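Listing of data_27.pdb; format and content: PDB, C-alpha atoms and all ligand atoms.
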ATOM      1  CA  MET I   1      40.292 -83.886 -63.308  1.00  0.00           C
ATOM      2  CA  LEU I   2      37.547 -86.215 -62.207  1.00  0.00           C
ATOM      3  CA  SER I   3      38.409 -85.954 -58.511  1.00  0.00           C
ATOM      4  CA  MET I   4      38.400 -82.156 -58.751  1.00  0.00           C
ATOM      5  CA  ARG I   5      34.859 -82.232 -60.031  1.00  0.00           C
ATOM      6  CA  VAL I   6      33.713 -84.440 -57.188  1.00  0.00           C
ATOM      7  CA  THR I   7      35.130 -82.058 -54.625  1.00  0.00           C
ATOM      8  CA  ALA I   8      33.522 -79.124 -56.378  1.00  0.00           C
ATOM      9  CA  LYS I   9      30.173 -80.851 -56.217  1.00  0.00           C
ATOM     10  CA  ARG I  10      30.615 -81.703 -52.560  1.00  0.00           C
ATOM     11  CA  LYS I  11      31.494 -78.119 -51.840  1.00  0.00           C
ATOM     12  CA  GLY I  12      28.102 -77.034 -53.209  1.00  0.00           C
ATOM     13  CA  ILE I  13      26.081 -78.954 -50.635  1.00  0.00           C
ATOM     14  CA  ARG I  14      28.208 -78.400 -47.561  1.00  0.00           C
ATOM     15  CA  PRO I  15      26.008 -77.884 -44.476  1.00  0.00           C
ATOM     16  CA  LYS I  16      27.334 -74.353 -44.034  1.00  0.00           C
ATOM     17  CA  HIS I  17      25.798 -73.388 -47.376  1.00  0.00           C
ATOM     18  CA  VAL I  18      22.434 -74.968 -46.498  1.00  0.00           C
ATOM     19  CA  LYS I  19      22.411 -72.810 -43.382  1.00  0.00           C
ATOM     20  CA  ASP I  20      22.977 -69.749 -45.544  1.00  0.00           C
ATOM     21  CA  LEU I  21      19.819 -70.628 -47.429  1.00  0.00           C
ATOM     22  CA  ILE I  22      17.583 -70.629 -44.334  1.00  0.00           C
ATOM     23  CA  PRO I  23      16.797 -66.858 -44.343  1.00  0.00           C
ATOM     24  CA  LEU I  24      15.906 -67.148 -48.027  1.00  0.00           C
ATOM     25  CA  MET I  25      13.629 -70.119 -47.335  1.00  0.00           C
ATOM     26  CA  ILE I  26      11.905 -68.252 -44.491  1.00  0.00           C
ATOM     27  CA  LEU I  27      11.420 -65.293 -46.810  1.00  0.00           C
ATOM     28  CA  MET I  28       9.884 -67.563 -49.440  1.00  0.00           C
ATOM     29  CA  VAL I  29       7.493 -69.076 -46.895  1.00  0.00           C
ATOM     30  CA  ILE I  30       6.451 -65.573 -45.815  1.00  0.00           C
ATOM     31  CA  ILE I  31       5.848 -64.530 -49.415  1.00  0.00           C
ATOM     32  CA  PHE I  32       3.831 -67.683 -49.963  1.00  0.00           C
ATOM     33  CA  LEU I  33       1.650 -67.001 -46.900  1.00  0.00           C
ATOM     34  CA  VAL I  34       1.123 -63.374 -47.886  1.00  0.00           C
ATOM     35  CA  LEU I  35      -0.009 -64.459 -51.352  1.00  0.00           C
ATOM     36  CA  LEU I  36      -2.315 -67.050 -49.823  1.00  0.00           C
ATOM     37  CA  PHE I  37      -4.013 -64.508 -47.536  1.00  0.00           C
ATOM     38  CA  TRP I  38      -4.229 -61.991 -50.312  1.00  0.00           C
ATOM     39  CA  GLU I  39      -5.977 -64.516 -52.528  1.00  0.00           C
ATOM     40  CA  ASN I  40      -8.485 -65.296 -49.781  1.00  0.00           C
ATOM     41  CA  GLU I  41      -9.209 -61.593 -49.387  1.00  0.00           C
ATOM     42  CA  LEU I  42      -9.867 -61.312 -53.099  1.00  0.00           C
ATOM     43  CA  ASP I  43     -12.144 -64.357 -52.970  1.00  0.00           C
ATOM     44  CA  GLU I  44     -14.247 -62.704 -50.310  1.00  0.00           C
ATOM     45  CA  GLU I  45     -14.957 -59.720 -52.534  1.00  0.00           C
ATOM     46  CA  ALA I  46     -15.316 -61.783 -55.670  1.00  0.00           C
ATOM     47  CA  MET I  47     -18.686 -62.887 -56.901  1.00  0.00           C
ATOM     48  CA  ALA I  48     -19.841 -64.601 -60.041  1.00  0.00           C
ATOM     49  CA  ALA I  49     -19.206 -61.772 -62.499  1.00  0.00           C
ATOM     50  CA  THR I  50     -22.471 -62.348 -64.324  1.00  0.00           C
ATOM     51  CA  LEU I  51     -24.512 -62.226 -61.133  1.00  0.00           C
ATOM     52  CA  GLU I  52     -22.897 -58.980 -60.049  1.00  0.00           C
ATOM     53  CA  GLN I  53     -23.284 -57.632 -63.573  1.00  0.00           C
ATOM     54  CA  LEU I  54     -26.987 -58.481 -63.503  1.00  0.00           C
ATOM     55  CA  HIS I  55     -28.037 -57.372 -60.058  1.00  0.00           C
ATOM     56  CA  VAL I  56     -25.462 -55.341 -58.161  1.00  0.00           C
ATOM     57  CA  ASP I  57     -24.981 -51.599 -58.492  1.00  0.00           C
ATOM     58  CA  TYR I  58     -22.863 -50.516 -55.553  1.00  0.00           C
ATOM     59  CA  PRO I  59     -22.342 -47.734 -54.863  1.00  0.00           C
ATOM     60  CA  GLN I  60     -25.417 -46.746 -56.798  1.00  0.00           C
ATOM     61  CA  SER I  61     -24.578 -45.198 -60.185  1.00  0.00           C
ATOM     62  CA  ASP I  62     -25.234 -41.486 -60.348  1.00  0.00           C
ATOM     63  CA  ILE I  63     -27.992 -41.473 -62.969  1.00  0.00           C
ATOM     64  CA  PRO I  64     -30.459 -38.769 -61.945  1.00  0.00           C
ATOM     65  CA  ILE I  65     -33.173 -39.531 -64.507  1.00  0.00           C
ATOM     66  CA  ARG I  66     -34.355 -42.763 -66.129  1.00  0.00           C
ATOM     67  CA  TYR I  67     -32.049 -44.834 -63.979  1.00  0.00           C
ATOM     68  CA  CYS I  68     -33.626 -48.112 -65.093  1.00  0.00           C
ATOM     69  CA  ASN I  69     -33.566 -47.344 -68.821  1.00  0.00           C
ATOM     70  CA  HIS I  70     -29.860 -46.513 -68.591  1.00  0.00           C
ATOM     71  CA  MET I  71     -28.915 -49.470 -66.420  1.00  0.00           C
ATOM     72  CA  VAL I  72     -30.815 -52.003 -68.521  1.00  0.00           C
ATOM     73  CA  ILE I  73     -28.812 -50.890 -71.571  1.00  0.00           C
ATOM     74  CA  GLN I  74     -25.508 -50.621 -69.705  1.00  0.00           C
ATOM     75  CA  ARG I  75     -25.854 -54.091 -68.152  1.00  0.00           C
ATOM     76  CA  VAL I  76     -27.590 -55.663 -71.170  1.00  0.00           C
ATOM     77  CA  ILE I  77     -30.633 -56.864 -69.226  1.00  0.00           C
ATOM     78  CA  LYS I  78     -33.003 -58.682 -71.584  1.00  0.00           C
ATOM     79  CA  GLU I  79     -34.747 -61.985 -72.161  1.00  0.00           C
ATOM     80  CA  PRO I  80     -32.750 -64.613 -74.082  1.00  0.00           C
ATOM     81  CA  ASN I  81     -35.087 -64.086 -77.051  1.00  0.00           C
ATOM     82  CA  ASN I  82     -34.204 -60.349 -77.135  1.00  0.00           C
ATOM     83  CA  THR I  83     -37.486 -59.115 -75.709  1.00  0.00           C
ATOM     84  CA  CYS I  84     -37.674 -56.617 -72.820  1.00  0.00           C
ATOM     85  CA  LYS I  85     -37.599 -58.055 -69.312  1.00  0.00           C
ATOM     86  CA  LYS I  86     -40.866 -57.356 -67.513  1.00  0.00           C
ATOM     87  CA  GLU I  87     -39.179 -56.595 -64.213  1.00  0.00           C
ATOM     88  CA  HIS I  88     -35.628 -56.382 -62.918  1.00  0.00           C
ATOM     89  CA  PHE I  89     -33.965 -55.152 -59.769  1.00  0.00           C
ATOM     90  CA  PHE I  90     -30.563 -53.759 -58.842  1.00  0.00           C
ATOM     91  CA  ILE I  91     -29.211 -54.124 -55.310  1.00  0.00           C
ATOM     92  CA  HIS I  92     -27.239 -51.250 -53.819  1.00  0.00           C
ATOM     93  CA  GLU I  93     -25.128 -53.226 -51.396  1.00  0.00           C
ATOM     94  CA  ARG I  94     -21.514 -54.417 -51.082  1.00  0.00           C
ATOM     95  CA  PRO I  95     -20.866 -57.693 -52.915  1.00  0.00           C
ATOM     96  CA  ARG I  96     -19.374 -59.019 -49.659  1.00  0.00           C
ATOM     97  CA  ASN I  97     -22.689 -58.528 -47.830  1.00  0.00           C
ATOM     98  CA  ILE I  98     -24.629 -60.148 -50.652  1.00  0.00           C
ATOM     99  CA  ASN I  99     -22.235 -63.118 -50.544  1.00  0.00           C
ATOM    100  CA  SER I 100     -22.911 -63.554 -46.836  1.00  0.00           C
ATOM    101  CA  VAL I 101     -26.598 -64.261 -47.529  1.00  0.00           C
ATOM    102  CA  CYS I 102     -25.385 -67.810 -48.234  1.00  0.00           C
ATOM    103  CA  ASN I 103     -24.635 -68.090 -44.498  1.00  0.00           C
ATOM    104  CA  SER I 104     -28.121 -66.993 -43.514  1.00  0.00           C
ATOM    105  CA  PRO I 105     -30.021 -69.437 -41.283  1.00  0.00           C
ATOM    106  CA  ARG I 106     -33.274 -68.405 -42.966  1.00  0.00           C
ATOM    107  CA  MET I 107     -34.066 -71.034 -45.577  1.00  0.00           C
ATOM    108  CA  VAL I 108     -37.037 -70.789 -47.911  1.00  0.00           C
ATOM    109  CA  THR I 109     -38.226 -72.853 -50.857  1.00  0.00           C
ATOM    110  CA  CYS I 110     -37.006 -71.653 -54.231  1.00  0.00           C
ATOM    111  CA  GLN I 111     -39.522 -70.747 -56.879  1.00  0.00           C
ATOM    112  CA  ASN I 112     -37.655 -72.032 -59.889  1.00  0.00           C
ATOM    113  CA  TYR I 113     -35.427 -74.693 -58.403  1.00  0.00           C
ATOM    114  CA  ALA I 114     -37.903 -76.634 -56.280  1.00  0.00           C
ATOM    115  CA  PRO I 115     -37.322 -78.778 -54.273  1.00  0.00           C
ATOM    116  CA  SER I 116     -33.930 -77.236 -53.398  1.00  0.00           C
ATOM    117  CA  LEU I 117     -33.654 -74.609 -50.668  1.00  0.00           C
ATOM    118  CA  CYS I 118     -32.875 -70.939 -51.074  1.00  0.00           C
ATOM    119  CA  PHE I 119     -31.413 -68.478 -48.584  1.00  0.00           C
ATOM    120  CA  LEU I 120     -33.341 -65.423 -47.422  1.00  0.00           C
ATOM    121  CA  SER I 121     -31.272 -62.440 -46.303  1.00  0.00           C
ATOM    122  CA  GLU I 122     -31.470 -61.535 -42.630  1.00  0.00           C
ATOM    123  CA  ILE I 123     -31.559 -57.826 -43.366  1.00  0.00           C
ATOM    124  CA  LYS I 124     -33.191 -55.684 -46.002  1.00  0.00           C
ATOM    125  CA  PHE I 125     -31.005 -54.277 -48.755  1.00  0.00           C
ATOM    126  CA  LYS I 126     -31.495 -51.004 -50.589  1.00  0.00           C
ATOM    127  CA  MET I 127     -32.540 -51.676 -54.157  1.00  0.00           C
ATOM    128  CA  THR I 128     -34.141 -50.245 -57.240  1.00  0.00           C
ATOM    129  CA  VAL I 129     -36.913 -52.166 -58.943  1.00  0.00           C
ATOM    130  CA  CYS I 130     -37.467 -51.539 -62.643  1.00  0.00           C
ATOM    131  CA  LYS I 131     -40.907 -52.298 -64.041  1.00  0.00           C
ATOM    132  CA  LEU I 132     -41.526 -52.343 -67.783  1.00  0.00           C
ATOM    133  CA  THR I 133     -44.075 -49.746 -68.867  1.00  0.00           C
ATOM    134  CA  GLU I 134     -43.685 -50.025 -72.629  1.00  0.00           C
ATOM    135  CA  GLY I 135     -41.629 -51.736 -75.298  1.00  0.00           C
ATOM    136  CA  THR I 136     -41.243 -55.334 -76.404  1.00  0.00           C
ATOM    137  CA  ARG I 137     -37.987 -55.648 -78.340  1.00  0.00           C
ATOM    138  CA  TYR I 138     -34.736 -54.830 -76.568  1.00  0.00           C
ATOM    139  CA  PRO I 139     -33.282 -52.184 -76.410  1.00  0.00           C
ATOM    140  CA  ALA I 140     -36.512 -50.199 -76.956  1.00  0.00           C
ATOM    141  CA  CYS I 141     -37.664 -50.837 -73.391  1.00  0.00           C
ATOM    142  CA  ASN I 142     -39.106 -48.208 -71.072  1.00  0.00           C
ATOM    143  CA  TYR I 143     -39.040 -48.736 -67.324  1.00  0.00           C
ATOM    144  CA  ARG I 144     -40.516 -47.081 -64.293  1.00  0.00           C
ATOM    145  CA  VAL I 145     -38.216 -46.707 -61.279  1.00  0.00           C
ATOM    146  CA  PHE I 146     -39.155 -47.847 -57.772  1.00  0.00           C
ATOM    147  CA  ALA I 147     -36.682 -47.261 -54.974  1.00  0.00           C
ATOM    148  CA  THR I 148     -37.278 -49.727 -52.158  1.00  0.00           C
ATOM    149  CA  GLU I 149     -35.705 -51.958 -49.539  1.00  0.00           C
ATOM    150  CA  GLY I 150     -36.180 -55.686 -49.531  1.00  0.00           C
ATOM    151  CA  PHE I 151     -34.971 -59.078 -48.386  1.00  0.00           C
ATOM    152  CA  ILE I 152     -33.335 -61.047 -51.162  1.00  0.00           C
ATOM    153  CA  VAL I 153     -33.655 -64.755 -51.922  1.00  0.00           C
ATOM    154  CA  VAL I 154     -30.601 -66.429 -53.436  1.00  0.00           C
ATOM    155  CA  THR I 155     -29.500 -69.875 -54.497  1.00  0.00           C
ATOM    156  CA  CYS I 156     -25.986 -70.816 -53.428  1.00  0.00           C
ATOM    157  CA  ASP I 157     -23.275 -73.209 -54.466  1.00  0.00           C
ATOM    158  CA  ASP I 158     -19.776 -73.818 -53.111  1.00  0.00           C
ATOM    159  CA  MET I 159     -18.610 -70.516 -54.564  1.00  0.00           C
ATOM    160  CA  GLY I 160     -21.350 -68.391 -52.974  1.00  0.00           C
ATOM    161  CA  PRO I 161     -24.517 -66.945 -54.496  1.00  0.00           C
ATOM    162  CA  ALA I 162     -25.301 -68.632 -57.805  1.00  0.00           C
ATOM    163  CA  LYS I 163     -28.500 -66.809 -58.643  1.00  0.00           C
ATOM    164  CA  ILE I 164     -30.503 -63.985 -57.105  1.00  0.00           C
ATOM    165  CA  GLU I 165     -33.990 -65.346 -57.384  1.00  0.00           C
ATOM    166  CA  ARG I 166     -36.268 -62.622 -56.114  1.00  0.00           C
ATOM    167  CA  TYR I 167     -36.818 -60.004 -53.459  1.00  0.00           C
ATOM    168  CA  THR I 168     -39.539 -59.594 -50.863  1.00  0.00           C
ATOM    169  CA  GLU I 169     -40.409 -56.315 -49.220  1.00  0.00           C
TER     170      GLU I 169
HETATM  171  C1  LIG A 201     -39.557 -64.266 -74.999  1.00  0.00           C
HETATM  172  O1  LIG A 201     -39.248 -64.842 -73.738  1.00  0.00           O
HETATM  173  C2  LIG A 201     -40.122 -64.437 -72.690  1.00  0.00           C
HETATM  174  C3  LIG A 201     -39.592 -65.002 -71.390  1.00  0.00           C
HETATM  175  O2  LIG A 201     -39.014 -66.259 -71.551  1.00  0.00           O
HETATM  176  C4  LIG A 201     -41.540 -64.866 -72.996  1.00  0.00           C
HETATM  177  O3  LIG A 201     -42.398 -64.460 -71.972  1.00  0.00           O
HETATM  178  C5  LIG A 201     -41.974 -64.252 -74.307  1.00  0.00           C
HETATM  179  O4  LIG A 201     -43.263 -64.743 -74.657  1.00  0.00           O
HETATM  180  C6  LIG A 201     -40.999 -64.577 -75.421  1.00  0.00           C
HETATM  181  N1  LIG A 201     -41.373 -63.793 -76.592  1.00  0.00           N
HETATM  182  C7  LIG A 201     -41.287 -64.253 -77.840  1.00  0.00           C
HETATM  183  C8  LIG A 201     -41.683 -63.296 -78.902  1.00  0.00           C
HETATM  184  O5  LIG A 201     -40.881 -65.366 -78.089  1.00  0.00           O
END
I'd like the structure from this file rewritten - as structure tokens, please.
Amino acid sequence: MLSMRVTAKRKGIRPKHVKDLIPLMILMVIIFLVLLFWENELDEEAMAATLEQLHVDYPQSDIPIRYCNHMVIQRVIKEPNNTCKKEHFFIHERPRNINSVCNSPRMVTCQNYAPSLCFLSEIKFKMTVCKLTEGTRYPACNYRVFATEGFIVVTCDDMGPAKIERYTE
């Protein structure tokens, strides 16, 4: 009985059987690599959800009138104390291209995070600037719409843009 078991065990790891497993192992390696590349692709498009939520509208939402008033409600743009934000801007550009601003060689001083350095985009992006015309308490905020193009200034961390600081025309 005992010796039969030993032979059965030995049978399980005979070299011939290991060879049979090779195609399966290759397949597993391929699946692993595919998943790895896929994840990297996703990372490239990914951006801090809050940052995208705050500042990116691409492609631009089809809101023919009062674009800013709608967007400020839809994206919940307000001061932490629930007052209307004086000014806000939405960038109409692919998240991937906004991420790449972190590779820009153009460094400028940050306004709010001095003395750290910020990155200035190399090209202008299409954007909409919303300027408060009336209202104090969110959501009763009324904005005027300005379509423009501007360079953006961002702070970056290991993950990419951490904060979109401002724009310059
Ligand atoms: C709310 O916060 C904004 C920006 O931080 C500030 O300018 C404003 O005075 C504050 N308003 C009140 C009522 O606290």
*What do you get as a list in words if you pick all residues at most 9 Å from ligand LIG 201 (chain A), counting only C-alpha atoms and all ligand atoms?*
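If we count only C-alpha atoms and all ligand atoms, the neighbours of ligand LIG 201 (chain A) turn out to be Glu79, Pro80, Asn81, Asn82, Thr83, Cys84, Lys85, Lys86, Thr136 and Arg137 of chain I.
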*Exactly which residues make up the result of the PyMOL selection byres (((chain I and resi 122-124) around 9) and not hetatm) on this file, given as a ChimeraX atom specification?*
/I:101,104-106,120-121,125-126,149-152,168-169
*Mind pulling up the distance from CA of Tyr58 in chain I to CA of His92 in chain I?*
4.8 Å
_Residue contacts of Asn112 in chain I (12 Å, only C-alpha atoms) excluding same-chain residues fewer than 2 positions away, as a ChimeraX atom specification_ = /I:109-110,114-118,153-155,163-166
Using the selection just defined, write its residues with C-alpha atoms as a JSON list (two decimals), keeping the file's coordinate frame.
[["chain", "number", "residue", "atom", "x", "y", "z"],
["I", 109, "THR", "CA", -38.23, -72.85, -50.86],
["I", 110, "CYS", "CA", -37.01, -71.65, -54.23],
["I", 114, "ALA", "CA", -37.90, -76.63, -56.28],
["I", 115, "PRO", "CA", -37.32, -78.78, -54.27],
["I", 116, "SER", "CA", -33.93, -77.24, -53.40],
["I", 117, "LEU", "CA", -33.65, -74.61, -50.67],
["I", 118, "CYS", "CA", -32.88, -70.94, -51.07],
["I", 153, "VAL", "CA", -33.66, -64.76, -51.92],
["I", 154, "VAL", "CA", -30.60, -66.43, -53.44],
["I", 155, "THR", "CA", -29.50, -69.88, -54.50],
["I", 163, "LYS", "CA", -28.50, -66.81, -58.64],
["I", 164, "ILE", "CA", -30.50, -63.98, -57.10],
["I", 165, "GLU", "CA", -33.99, -65.35, -57.38],
["I", 166, "ARG", "CA", -36.27, -62.62, -56.11]]
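The gap separating CA of Phe146 in chain I from CA of Tyr67 in chain I is 9.9 Å, in Å to one decimal.
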*Between CA of Asn99 in chain I and CA of Cys156 in chain I - distance in Å to one decimal*: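 CA of Asn99 in chain I lies at a distance of 9.0 Å from CA of Cys156 in chain I.
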_For a quick check of understanding, using all atoms listed in the file, which of I:Ile65, I:Tyr143, I:Asp157, I:Met25 has the smallest distance to Asn103 in chain I?_
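Ranking I:Ile65, I:Tyr143, I:Asp157, I:Met25 by distance to Asn103 in chain I, first place goes to I:Asp157.
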Give me the box for range 122-130 of chain I as AutoDock Vina command-line options, namely the centre and edge lengths in Å to one decimal of a box along x, y and z that holds every listed atom plus 3 Å on each side.
--center_x -34.2 --center_y -55.9 --center_z -52.6 --size_x 12.5 --size_y 17.3 --size_z 26.0
_Just checking: using only C-alpha atoms, which residue out of I:Ile73, I:Leu35, I:Ile63, I:Ile30 ends up closest to Tyr138 in chain I?_
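Ranking I:Ile73, I:Leu35, I:Ile63, I:Ile30 by distance to Tyr138 in chain I, first place goes to I:Ile73.
When the distance limit is 12 Å and all atoms listed in the file are what count, the residues near Glu52 in chain I, minus those fewer than 3 positions from it on the same chain, are Glu45, Ala46, Met47, Ala48, Ala49, His55, Val56, Asp57, Tyr58, Arg75, Phe89, Phe90, Ile91, His92, Glu93, Arg94, Pro95, Arg96, Ile98, Asn99, Gly160, Pro161, Ala162, Lys163 and Ile164 of chain I.
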_Just checking: using only C-alpha atoms, which residue out of I:Leu36, I:Met127, I:Val145, I:Val108 ends up closest to Asn69 in chain I?_
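Closest to Asn69 in chain I, using only C-alpha atoms: I:Val145.
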_For Thr128 in chain I, the nearest of the candidates I:Cys68, I:Met159, I:Met107, I:Ile77, counting only C-alpha atoms_ = I:Cys68
